[in-house]
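S.K.: What follows is start.cif; its format and atoms are mmCIF, C-alpha atoms and all ligand atoms.
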```cif
data_structure
loop_
_atom_site.group_PDB
_atom_site.id
_atom_site.type_symbol
_atom_site.label_atom_id
_atom_site.label_comp_id
_atom_site.auth_asym_id
_atom_site.auth_seq_id
_atom_site.Cartn_x
_atom_site.Cartn_y
_atom_site.Cartn_z
ATOM 1 C CA ARG C 179 116.909 108.249 95.119
ATOM 2 C CA ARG C 180 117.349 105.863 92.306
ATOM 3 C CA LEU C 181 119.689 102.920 91.919
ATOM 4 C CA VAL C 182 121.744 103.703 88.809
ATOM 5 C CA ARG C 183 124.587 101.248 89.140
ATOM 6 C CA TYR C 184 124.502 97.830 90.701
ATOM 7 C CA GLU C 185 127.942 96.412 91.358
ATOM 8 C CA TYR C 186 128.854 93.093 92.884
ATOM 9 C CA ASP C 187 132.349 92.872 94.347
ATOM 10 C CA LEU C 188 133.334 89.236 94.343
ATOM 11 C CA GLY C 189 136.473 90.235 96.245
ATOM 12 C CA SER C 190 134.278 91.153 99.226
ATOM 13 C CA CYS C 191 132.115 88.064 99.091
ATOM 14 C CA MET C 192 132.805 85.463 101.790
ATOM 15 C CA PHE C 193 130.640 82.889 99.990
ATOM 16 C CA CYS C 194 128.627 82.533 103.175
ATOM 17 C CA HIS C 195 125.455 81.587 101.221
ATOM 18 C CA LEU C 196 123.235 83.965 103.230
ATOM 19 C CA CYS C 197 122.061 85.879 100.149
ATOM 20 C CA VAL C 198 121.133 82.617 98.442
ATOM 21 C CA ASN C 199 119.061 81.562 101.435
ATOM 22 C CA ALA C 200 117.448 84.996 101.855
ATOM 23 C CA CYS C 201 116.391 85.701 98.262
ATOM 24 C CA PRO C 202 112.602 85.169 98.035
ATOM 25 C CA HIS C 203 112.724 84.728 94.244
ATOM 26 C CA ASP C 204 115.536 82.154 94.036
ATOM 27 C CA ALA C 205 117.416 84.635 91.818
ATOM 28 C CA ILE C 206 120.802 83.804 93.320
ATOM 29 C CA ARG C 207 122.463 80.448 93.288
ATOM 30 C CA PHE C 208 125.930 79.022 93.709
ATOM 31 C CA SER C 209 127.439 76.792 91.088
ATOM 32 C CA THR C 210 130.778 75.323 90.152
ATOM 33 C CA ALA C 211 130.723 76.965 86.697
ATOM 34 C CA PHE C 212 132.923 79.993 87.289
ATOM 35 C CA GLU C 213 136.345 81.443 86.664
ATOM 36 C CA HIS C 214 137.626 83.759 89.401
ATOM 37 C CA ALA C 215 141.328 83.645 88.644
ATOM 38 C CA VAL C 216 142.316 87.249 87.918
ATOM 39 C CA TYR C 217 145.504 89.253 88.277
ATOM 40 C CA THR C 218 143.975 92.367 89.889
ATOM 41 C CA ARG C 219 141.155 92.719 92.424
ATOM 42 C CA ASP C 220 139.364 95.378 90.388
ATOM 43 C CA LYS C 221 138.497 92.693 87.859
ATOM 44 C CA LEU C 222 136.404 91.012 90.570
ATOM 45 C CA VAL C 223 133.949 93.940 90.588
ATOM 46 C CA LYS C 224 131.053 93.052 88.298
ATOM 47 C CA THR C 225 128.512 95.580 87.064
ATOM 48 C CA LEU C 226 125.214 93.723 86.990
ATOM 49 C CA ASN C 227 123.019 96.347 85.338
ATOM 50 C CA LYS C 228 124.932 97.062 82.164
ATOM 51 C CA GLN C 229 123.104 99.512 79.910
HETATM 52 S S1 LIG P 301 125.616 87.272 101.557
HETATM 53 FE FE1 LIG P 301 126.076 86.523 99.486
HETATM 54 S S2 LIG P 301 127.260 88.168 98.523
HETATM 55 FE FE2 LIG P 301 127.302 88.537 100.736
HETATM 56 S S3 LIG P 301 129.159 87.527 101.477
HETATM 57 FE FE3 LIG P 301 127.496 86.041 101.665
HETATM 58 S S4 LIG P 301 127.530 84.855 99.760
HETATM 59 FE FE4 LIG P 301 128.721 86.722 99.414
#
```
Any chance you could put this one into structure tokens?
Ligand code: SF4
M.R.:
Amino acid sequence: RRLVRYEYDLGSCMFCHLCVNACPHDAIRFSTAFEHAVYTRDKLVKTLNKQ
């Protein structure tokens, strides 16, 4: 098996901070620089490994 698409659904995120605390490489962080106002939930799904 190979990971071919890595999607992050911000609509499913509870902003619980657990992934930030668990990441051993400090690759995830929360910030106040964001814009999450969208008209449809599908726009909250981000593809992180664009090719
Ligand atoms: S672990 Fe991270 S991605 Fe998952 S719900 Fe919590 S903050 Fe969101």
S.K.: Any residue with an atom at most 7 Å from ligand LIG 301 (chain P) counts, using all atoms listed in the file. Which are they? Put them as number ranges by chain.
M.R.: C: 190-198
S.K.: In Å, how far is it from CA of Asp204 in chain C to CA of Tyr184 in chain C?
M.R.: 18.4 Å
S.K.: For the structure shown, which residues end up in the PyMOL selection byres (((chain C and resi 222-227) around 6) and not hetatm)? Put them as a short mmCIF file (atom, residue, chain, number, x, y, z; two decimals) with C-alpha atoms, keeping the file's coordinate frame, please?
M.R.:
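Once everything was written out, this is part.cif:
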```cif
data_model
loop_
_atom_site.label_atom_id
_atom_site.label_comp_id
_atom_site.auth_asym_id
_atom_site.auth_seq_id
_atom_site.Cartn_x
_atom_site.Cartn_y
_atom_site.Cartn_z
CA TYR C 184 124.50 97.83 90.70
CA GLU C 185 127.94 96.41 91.36
CA TYR C 186 128.85 93.09 92.88
CA ASP C 187 132.35 92.87 94.35
CA LEU C 188 133.33 89.24 94.34
CA GLY C 189 136.47 90.24 96.24
CA ARG C 219 141.16 92.72 92.42
CA ASP C 220 139.36 95.38 90.39
CA LYS C 221 138.50 92.69 87.86
CA LYS C 228 124.93 97.06 82.16
#
```
S.K.: Work out how far apart CA of Ala205 in chain C and CA of Arg180 in chain C are and give it in Å to one decimal.
M.R.: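 About the pair CA of Ala205 in chain C and CA of Arg180 in chain C: they are 21.2 Å apart.
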S.K.: In Å, with one decimal, what is the gap from CA of Arg183 in chain C to CA of Tyr217 in chain C?
M.R.: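 These atoms are spaced 24.1 Å apart.
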